[in-house]
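Trainee: Supplied in structure tokens, the structure appears directly below.
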Amino acid sequence: MSDQTRDTYEQLALRLAAANRVCVLTGAGVSRESGVPTFREADGLWNKYRPEELANVDAFLRNPELVWEWYSWRRELIGEVSPNPGHYALAEIEQRVPQFTLATQNVDNLHRAAGSVNVVELHGNIMRNKCQKCGVVFKEGDPENEFVFEKGTLPVCACGKKGLLRPDIVWFGEMLPEDAIQQAWEEAGQADVFLSVGTSTVVYPAAALPFTAKQAGAYLVEINPNPTELTPLADLVFSEPSGEALPKVVAKLRELQA
Ligand code: OAD
């Protein structure tokens with residue numbers, strides 16, 4: 001059977017079954033079916049709120065209460081949602097291929113909650129805090145992460161520099177964590193199969209990863225109900241929600257590996 005006559009789910013499953021290294025980039029779209037809003041769609045966050053007032057250091061230093069209030073609302077929202085079938089399918093693919101890296105632009109922790117292990121958080125994690133001045137990042141369970149925002153209270157780091165605590169998120173104008181982008185870069189350059197899932201592919205440097213992978217010879221797959229700048233370059237495109245496409249691919253992969 002030629003690739004043209006196989007269904008696309010099977011085509012991708014065959015590629016995954018033959019791959020040694022698989023790399024995935026995810027964006028807000030993969031969490032949409034869990035109830036987490038995306039950024040740039042008609043009902044997206046950046047169409048309702050102004051990033052320059054909420055997602056950069058100057059805004060935080062100008063009005064930390066406003067920024068904390070907004071992130072507390074997002075934390076609450078994210079705290080109530082669960083992974084969807086797309087997250088679970090990616091976690092299962094990780095178990096079924098020799099080497100797997102999932103680079104995510106999402107800060108919602110849902111990939112780990114679904115069981116993904118090798119997760120590279122390019123834009124941080126909304127459930128962690130860090131100090132704006134000394135830069136120390138607090139771990140899950142640290143008391144500094146337990147802070148619950150209330151108007152009139154701002155958390156201060158014990159570092160001696162009296163830095164304000166802030167969410168451990170990459171804001172506009174900030175560098176991505178060096179080790180995260182480095183790892184994602186290396187994996188993209190070596191991947192046999194690269195999946196770009198639920199991202200508009202417009203925010204750099206993360207958006208460069210699928211282009212880099214393609215240039216280095218990866219089989220490039222896009223899963224997104226809407227076209228992006230990546231679409232014409234992709235070897236295979238699933239124009240449907242990731243929570244629908246990915247489980248179908250995994251079902252085929254299970255059959256192939258049974
Ligand atoms: P965007 O909001 O820019 O794009 C979300 C993409 O998901 C769109 O292309 C949608 O078509 C697609 N989509 C929607 N529903 C989907 C579904 N069910 N399955 C698959 N795809 C779906 O979000 P990102 O690309 O993640 O940065 O945005 C990148 C960065 O911009 C974010 O990490 C954030 C934002 O500013 C920071 O906060 C640093």
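Letters for chains follow the order of the structure tokens (A, B, ...), residue numbers begin at 1 for each chain, and ligand numbers begin at 1 in the order shown.
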So that I can check the surroundings of Met127 (chain A), please list as a PDB file with all heavy atoms, in the first residue's frame every protein, DNA and RNA residue that reaches within 10 Å of it, counting only C-alpha atoms and ignoring chain neighbours fewer than 5 positions away.
Mentor:
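Final file, out.pdb:
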```pdb
ATOM      1  N   TYR A  71      -2.563  36.292  37.433  1.00  0.00           N
ATOM      2  CA  TYR A  71      -1.984  34.951  37.445  1.00  0.00           C
ATOM      3  C   TYR A  71      -2.665  34.050  38.473  1.00  0.00           C
ATOM      4  O   TYR A  71      -2.745  32.839  38.291  1.00  0.00           O
ATOM      5  CB  TYR A  71      -0.461  35.011  37.638  1.00  0.00           C
ATOM      6  CG  TYR A  71       0.218  35.294  36.317  1.00  0.00           C
ATOM      7  CD1 TYR A  71       0.633  36.578  35.987  1.00  0.00           C
ATOM      8  CD2 TYR A  71       0.376  34.290  35.373  1.00  0.00           C
ATOM      9  CE1 TYR A  71       1.206  36.854  34.751  1.00  0.00           C
ATOM     10  CE2 TYR A  71       0.953  34.541  34.135  1.00  0.00           C
ATOM     11  CZ  TYR A  71       1.367  35.821  33.833  1.00  0.00           C
ATOM     12  OH  TYR A  71       1.911  36.082  32.598  1.00  0.00           O
ATOM     13  N   SER A  72      -3.164  34.641  39.564  1.00  0.00           N
ATOM     14  CA  SER A  72      -3.883  33.825  40.552  1.00  0.00           C
ATOM     15  C   SER A  72      -5.171  33.276  39.934  1.00  0.00           C
ATOM     16  O   SER A  72      -5.538  32.121  40.163  1.00  0.00           O
ATOM     17  CB  SER A  72      -4.251  34.641  41.785  1.00  0.00           C
ATOM     18  OG  SER A  72      -3.101  35.127  42.358  1.00  0.00           O
ATOM     19  N   ARG A  74      -5.578  32.675  36.746  1.00  0.00           N
ATOM     20  CA  ARG A  74      -5.192  31.603  35.812  1.00  0.00           C
ATOM     21  C   ARG A  74      -4.789  30.334  36.561  1.00  0.00           C
ATOM     22  O   ARG A  74      -5.091  29.230  36.141  1.00  0.00           O
ATOM     23  CB  ARG A  74      -4.041  32.072  34.905  1.00  0.00           C
ATOM     24  CG  ARG A  74      -4.550  32.973  33.781  1.00  0.00           C
ATOM     25  CD  ARG A  74      -3.474  33.249  32.779  1.00  0.00           C
ATOM     26  NE  ARG A  74      -3.028  32.049  32.066  1.00  0.00           N
ATOM     27  CZ  ARG A  74      -1.850  31.941  31.462  1.00  0.00           C
ATOM     28  NH1 ARG A  74      -0.981  32.932  31.490  1.00  0.00           N
ATOM     29  NH2 ARG A  74      -1.527  30.836  30.828  1.00  0.00           N
ATOM     30  N   ARG A  75      -4.098  30.510  37.684  1.00  0.00           N
ATOM     31  CA  ARG A  75      -3.727  29.334  38.498  1.00  0.00           C
ATOM     32  C   ARG A  75      -4.962  28.582  38.958  1.00  0.00           C
ATOM     33  O   ARG A  75      -4.991  27.357  38.930  1.00  0.00           O
ATOM     34  CB  ARG A  75      -2.971  29.781  39.745  1.00  0.00           C
ATOM     35  CG  ARG A  75      -1.517  29.752  39.573  1.00  0.00           C
ATOM     36  CD  ARG A  75      -0.798  30.055  40.867  1.00  0.00           C
ATOM     37  NE  ARG A  75       0.598  30.263  40.540  1.00  0.00           N
ATOM     38  CZ  ARG A  75       1.511  30.681  41.371  1.00  0.00           C
ATOM     39  NH1 ARG A  75       1.188  30.958  42.613  1.00  0.00           N
ATOM     40  NH2 ARG A  75       2.756  30.831  40.984  1.00  0.00           N
ATOM     41  N   GLU A  76      -5.927  29.352  39.411  1.00  0.00           N
ATOM     42  CA  GLU A  76      -7.161  28.736  39.903  1.00  0.00           C
ATOM     43  C   GLU A  76      -7.824  27.933  38.786  1.00  0.00           C
ATOM     44  O   GLU A  76      -8.221  26.787  38.958  1.00  0.00           O
ATOM     45  CB  GLU A  76      -8.098  29.833  40.370  1.00  0.00           C
ATOM     46  CG  GLU A  76      -8.785  29.557  41.677  1.00  0.00           C
ATOM     47  CD  GLU A  76      -9.455  30.815  42.177  1.00  0.00           C
ATOM     48  OE1 GLU A  76      -8.763  31.669  42.759  1.00  0.00           O
ATOM     49  OE2 GLU A  76     -10.659  30.948  41.926  1.00  0.00           O
ATOM     50  N   ILE A  78      -6.484  26.753  36.030  1.00  0.00           N
ATOM     51  CA  ILE A  78      -5.672  25.596  35.634  1.00  0.00           C
ATOM     52  C   ILE A  78      -5.728  24.508  36.710  1.00  0.00           C
ATOM     53  O   ILE A  78      -5.713  23.312  36.402  1.00  0.00           O
ATOM     54  CB  ILE A  78      -4.223  26.055  35.325  1.00  0.00           C
ATOM     55  CG1 ILE A  78      -4.217  26.789  33.979  1.00  0.00           C
ATOM     56  CG2 ILE A  78      -3.234  24.898  35.339  1.00  0.00           C
ATOM     57  CD1 ILE A  78      -2.969  27.548  33.659  1.00  0.00           C
ATOM     58  N   GLY A  79      -5.836  24.936  37.976  1.00  0.00           N
ATOM     59  CA  GLY A  79      -5.924  23.972  39.081  1.00  0.00           C
ATOM     60  C   GLY A  79      -7.175  23.113  39.001  1.00  0.00           C
ATOM     61  O   GLY A  79      -7.226  22.028  39.586  1.00  0.00           O
ATOM     62  N   VAL A 107       2.315  26.447  30.254  1.00  0.00           N
ATOM     63  CA  VAL A 107       2.800  26.580  31.635  1.00  0.00           C
ATOM     64  C   VAL A 107       1.870  25.835  32.585  1.00  0.00           C
ATOM     65  O   VAL A 107       1.960  25.973  33.792  1.00  0.00           O
ATOM     66  CB  VAL A 107       2.890  28.078  32.026  1.00  0.00           C
ATOM     67  CG1 VAL A 107       3.906  28.808  31.136  1.00  0.00           C
ATOM     68  CG2 VAL A 107       1.529  28.772  31.941  1.00  0.00           C
ATOM     69  N   ASP A 108       0.946  25.026  32.014  1.00  0.00           N
ATOM     70  CA  ASP A 108      -0.168  24.491  32.815  1.00  0.00           C
ATOM     71  C   ASP A 108       0.103  23.134  33.464  1.00  0.00           C
ATOM     72  O   ASP A 108      -0.767  22.608  34.164  1.00  0.00           O
ATOM     73  CB  ASP A 108      -1.442  24.412  31.955  1.00  0.00           C
ATOM     74  CG  ASP A 108      -1.271  23.546  30.702  1.00  0.00           C
ATOM     75  OD1 ASP A 108      -0.416  22.631  30.698  1.00  0.00           O
ATOM     76  OD2 ASP A 108      -2.014  23.780  29.726  1.00  0.00           O
ATOM     77  N   ASN A 109       1.260  22.555  33.228  1.00  0.00           N
ATOM     78  CA  ASN A 109       1.644  21.302  33.892  1.00  0.00           C
ATOM     79  C   ASN A 109       0.817  20.083  33.465  1.00  0.00           C
ATOM     80  O   ASN A 109       0.942  19.014  34.050  1.00  0.00           O
ATOM     81  CB  ASN A 109       1.509  21.489  35.420  1.00  0.00           C
ATOM     82  CG  ASN A 109       2.551  20.694  36.181  1.00  0.00           C
ATOM     83  OD1 ASN A 109       3.654  20.482  35.692  1.00  0.00           O
ATOM     84  ND2 ASN A 109       2.190  20.235  37.363  1.00  0.00           N
ATOM     85  N   PHE A 138      11.523  28.201  43.107  1.00  0.00           N
ATOM     86  CA  PHE A 138      11.077  27.320  44.183  1.00  0.00           C
ATOM     87  C   PHE A 138      10.455  26.061  43.604  1.00  0.00           C
ATOM     88  O   PHE A 138       9.858  26.080  42.526  1.00  0.00           O
ATOM     89  CB  PHE A 138      10.115  28.075  45.099  1.00  0.00           C
ATOM     90  CG  PHE A 138      10.806  29.246  45.758  1.00  0.00           C
ATOM     91  CD1 PHE A 138      10.644  30.531  45.279  1.00  0.00           C
ATOM     92  CD2 PHE A 138      11.680  29.030  46.816  1.00  0.00           C
ATOM     93  CE1 PHE A 138      11.333  31.593  45.845  1.00  0.00           C
ATOM     94  CE2 PHE A 138      12.363  30.086  47.397  1.00  0.00           C
ATOM     95  CZ  PHE A 138      12.192  31.375  46.906  1.00  0.00           C
ATOM     96  N   LYS A 139      10.638  24.970  44.344  1.00  0.00           N
ATOM     97  CA  LYS A 139      10.138  23.678  43.863  1.00  0.00           C
ATOM     98  C   LYS A 139       8.754  23.411  44.430  1.00  0.00           C
ATOM     99  O   LYS A 139       8.343  24.030  45.418  1.00  0.00           O
ATOM    100  CB  LYS A 139      11.076  22.553  44.327  1.00  0.00           C
ATOM    101  CG  LYS A 139      12.450  22.611  43.692  1.00  0.00           C
ATOM    102  CD  LYS A 139      13.262  21.379  44.033  1.00  0.00           C
ATOM    103  CE  LYS A 139      13.481  21.162  45.513  1.00  0.00           C
ATOM    104  NZ  LYS A 139      14.309  22.122  46.209  1.00  0.00           N
ATOM    105  N   GLU A 140       8.091  22.451  43.787  1.00  0.00           N
ATOM    106  CA  GLU A 140       6.788  22.019  44.295  1.00  0.00           C
ATOM    107  C   GLU A 140       6.928  21.625  45.765  1.00  0.00           C
ATOM    108  O   GLU A 140       7.882  20.931  46.127  1.00  0.00           O
ATOM    109  CB  GLU A 140       6.351  20.794  43.488  1.00  0.00           C
ATOM    110  CG  GLU A 140       4.862  20.728  43.245  1.00  0.00           C
ATOM    111  CD  GLU A 140       4.523  19.524  42.388  1.00  0.00           C
ATOM    112  OE1 GLU A 140       4.983  19.485  41.225  1.00  0.00           O
ATOM    113  OE2 GLU A 140       3.839  18.641  42.892  1.00  0.00           O
ATOM    114  N   ASN A 145       5.934  28.417  47.290  1.00  0.00           N
ATOM    115  CA  ASN A 145       4.973  28.127  46.216  1.00  0.00           C
ATOM    116  C   ASN A 145       3.546  28.050  46.735  1.00  0.00           C
ATOM    117  O   ASN A 145       2.607  27.970  45.949  1.00  0.00           O
ATOM    118  CB  ASN A 145       5.318  26.798  45.528  1.00  0.00           C
ATOM    119  CG  ASN A 145       6.393  26.988  44.482  1.00  0.00           C
ATOM    120  OD1 ASN A 145       6.685  28.112  44.083  1.00  0.00           O
ATOM    121  ND2 ASN A 145       6.989  25.906  44.053  1.00  0.00           N
ATOM    122  N   GLU A 146       3.407  28.045  48.048  1.00  0.00           N
ATOM    123  CA  GLU A 146       2.068  27.890  48.642  1.00  0.00           C
ATOM    124  C   GLU A 146       1.365  29.227  48.792  1.00  0.00           C
ATOM    125  O   GLU A 146       0.198  29.285  49.143  1.00  0.00           O
ATOM    126  CB  GLU A 146       2.168  27.219  50.021  1.00  0.00           C
ATOM    127  CG  GLU A 146       2.872  25.872  50.023  1.00  0.00           C
ATOM    128  CD  GLU A 146       2.290  24.905  49.011  1.00  0.00           C
ATOM    129  OE1 GLU A 146       1.064  24.765  48.972  1.00  0.00           O
ATOM    130  OE2 GLU A 146       3.065  24.305  48.233  1.00  0.00           O
ATOM    131  N   PRO A 167       5.351  34.590  39.472  1.00  0.00           N
ATOM    132  CA  PRO A 167       5.198  33.280  38.827  1.00  0.00           C
ATOM    133  C   PRO A 167       6.438  32.974  37.974  1.00  0.00           C
ATOM    134  O   PRO A 167       7.005  33.876  37.354  1.00  0.00           O
ATOM    135  CB  PRO A 167       3.966  33.456  37.943  1.00  0.00           C
ATOM    136  CG  PRO A 167       3.275  34.680  38.447  1.00  0.00           C
ATOM    137  CD  PRO A 167       4.312  35.549  39.057  1.00  0.00           C
ATOM    138  N   ASP A 168       6.837  31.705  37.927  1.00  0.00           N
ATOM    139  CA  ASP A 168       8.012  31.282  37.151  1.00  0.00           C
ATOM    140  C   ASP A 168       7.613  31.074  35.693  1.00  0.00           C
ATOM    141  O   ASP A 168       7.549  29.951  35.190  1.00  0.00           O
ATOM    142  CB  ASP A 168       8.581  29.986  37.748  1.00  0.00           C
ATOM    143  CG  ASP A 168       9.801  29.511  36.968  1.00  0.00           C
ATOM    144  OD1 ASP A 168      10.448  30.346  36.316  1.00  0.00           O
ATOM    145  OD2 ASP A 168      10.095  28.296  37.013  1.00  0.00           O
ATOM    146  N   ILE A 169       7.340  32.203  35.062  1.00  0.00           N
ATOM    147  CA  ILE A 169       6.868  32.186  33.677  1.00  0.00           C
ATOM    148  C   ILE A 169       7.750  33.115  32.866  1.00  0.00           C
ATOM    149  O   ILE A 169       8.201  34.136  33.385  1.00  0.00           O
ATOM    150  CB  ILE A 169       5.412  32.698  33.644  1.00  0.00           C
ATOM    151  CG1 ILE A 169       4.517  31.606  34.197  1.00  0.00           C
ATOM    152  CG2 ILE A 169       4.971  33.135  32.270  1.00  0.00           C
ATOM    153  CD1 ILE A 169       3.089  31.798  33.937  1.00  0.00           C
TER     154      ILE A 169
END
```
Trainee: Give me the residues near Phe39 (chain A) as JSON, numbers by chain, where near means some atom within 12 Å (using only C-alpha atoms) and where sequence neighbours in that chain fewer than 4 positions away do not count.
Mentor: {"A": [27, 28, 29, 31, 32, 43, 44, 45, 46, 47, 48, 49, 50, 51, 105, 106, 198, 199, 200, 201, 202, 203]}
Trainee: Could you tell me how far CA of Lys248 (chain A) sits from CA of Gln183 (chain A), in Å to one decimal place?
Mentor: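 For CA of Gln183 (chain A) relative to CA of Lys248 (chain A), the distance reads 28.8 Å.
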Trainee: Quick one: of A:Leu122, A:Ile223, A:Leu165, A:Val81, who's nearest to Val67 (chain A), counting only C-alpha atoms?
Mentor: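 Of A:Leu122, A:Ile223, A:Leu165, A:Val81, the one nearest Val67 (chain A), counting only C-alpha atoms, is A:Leu165.
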Trainee: Between A:Leu230, A:Leu77, A:Val197, A:Ala184, single out the one closest to ligand 1, counting only C-alpha atoms and all ligand atoms.
Mentor: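 Residue with the minimum atom-to-atom distance to ligand 1: A:Val197.
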Trainee: Considering only C-alpha atoms, return as a list in words whatever protein or nucleic-acid residues lie within 7 Å of Lys252 (chain A), sequence-local ones (same chain, fewer than 3 positions apart) excluded.
Mentor: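 So the residues in contact are Tyr9, Glu10, Ala13, Lys248, Val249, Glu255 and Leu256 of chain A.
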Trainee: How far is it from atom 34 (C, counted along the ligand's line) of ligand 1 to CA of His123 (chain A), in Å with one decimal?
Mentor: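 Separation of atom 34 (C, counted along the ligand's line) of ligand 1 and CA of His123 (chain A): 7.4 Å.
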Trainee: From a backbone DSSP assignment, name each residue in region 54-231 of chain A labelled alpha helix (DSSP H), as a ChimeraX atom specification.
Mentor: /A:54,57-62,64-79,85-96,110-114,178-190,208-215
Trainee: So that I can see what lies close to Glu222 (chain A), please list as JSON, numbers by chain the residues with an atom at most 7 Å from it, counting only C-alpha atoms and leaving out residues fewer than 2 positions away in the same chain.
Mentor: {"A": [195, 196, 197, 220, 224, 231, 234, 236, 237, 238]}
Trainee: For CA of Cys134 (chain A) and CA of Gly163 (chain A), quote the distance in Å rounded to one decimal.
Mentor: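 These atoms are spaced 6.9 Å apart.
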Trainee: I'd like to know which of A:Glu187, A:Asp235, A:Glu240, A:Glu33 is closest to Gln99 (chain A), using only C-alpha atoms.
Mentor: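 Going through A:Glu187, A:Asp235, A:Glu240, A:Glu33 one by one, the smallest distance to Gln99 (chain A) is for A:Glu187.
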Trainee: Would you give me, as a PyMOL selection string, the residues in region 42-230 of chain A that DSSP reads as strand (DSSP E)?
Mentor: chain A and resi 99-104+119-121+124-131+165-169+193-197+219-223
Trainee: Give the answer as one residue: which of A:Gly115, A:Gly124, A:Pro37, A:Pro155 has the shortest atom-to-atom distance to Pro64 (chain A), using only C-alpha atoms?
Mentor: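 Ranking A:Gly115, A:Gly124, A:Pro37, A:Pro155 by distance to Pro64 (chain A), first place goes to A:Pro155.
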Trainee: Have a look at A:Asn226, A:Thr153, A:Gln215, A:Gln132 and name the one nearest to Phe60 (chain A); count only C-alpha atoms.
Mentor: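 Smallest distance to Phe60 (chain A) is found for A:Gln132.
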Trainee: Counting only C-alpha atoms, figure out which residue out of A:Arg96, A:Lys133, A:Arg62, A:Arg40 gets nearest to Leu16 (chain A).
Mentor: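 Under the stated criterion, the closest residue is A:Arg96.
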Trainee: Can you list, as a ChimeraX atom specification, every protein, DNA or RNA residue that comes within 9 Å of Ala213 (chain A) when you count only C-alpha atoms, leaving out same-chain residues fewer than 6 positions away?
Mentor: /A:23,185,187-194,219-220
Trainee: Which residues, written as a list in words, have at least one atom at most 9 Å from Arg112 (chain A), with only C-alpha atoms counted and residues fewer than 5 positions away on the same chain left out?
Mentor: His87, Ala91, Val117, Asn118 and Val119 of chain A
Trainee: Write the residues you've just listed into a file as a PDB file, in the first residue's frame, and include N, CA and C atoms for each of them.
Mentor:
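The file below, again18.pdb, is the result:
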```pdb
ATOM      1  N   HIS A  87      -3.276  14.953  25.586  1.00  0.00           N
ATOM      2  CA  HIS A  87      -2.140  14.854  26.534  1.00  0.00           C
ATOM      3  C   HIS A  87      -1.810  13.383  26.809  1.00  0.00           C
ATOM      4  N   ALA A  91       1.650  11.109  26.081  1.00  0.00           N
ATOM      5  CA  ALA A  91       2.350  10.349  27.137  1.00  0.00           C
ATOM      6  C   ALA A  91       2.527   8.894  26.705  1.00  0.00           C
ATOM      7  N   VAL A 117       7.035  12.232  30.699  1.00  0.00           N
ATOM      8  CA  VAL A 117       8.189  12.276  31.612  1.00  0.00           C
ATOM      9  C   VAL A 117       9.239  13.274  31.136  1.00  0.00           C
ATOM     10  N   ASN A 118       9.663  13.117  29.883  1.00  0.00           N
ATOM     11  CA  ASN A 118      10.741  13.993  29.392  1.00  0.00           C
ATOM     12  C   ASN A 118      10.128  15.285  28.826  1.00  0.00           C
ATOM     13  N   VAL A 119       9.738  16.157  29.745  1.00  0.00           N
ATOM     14  CA  VAL A 119       9.054  17.395  29.363  1.00  0.00           C
ATOM     15  C   VAL A 119      10.019  18.568  29.527  1.00  0.00           C
TER      16      VAL A 119
END
```
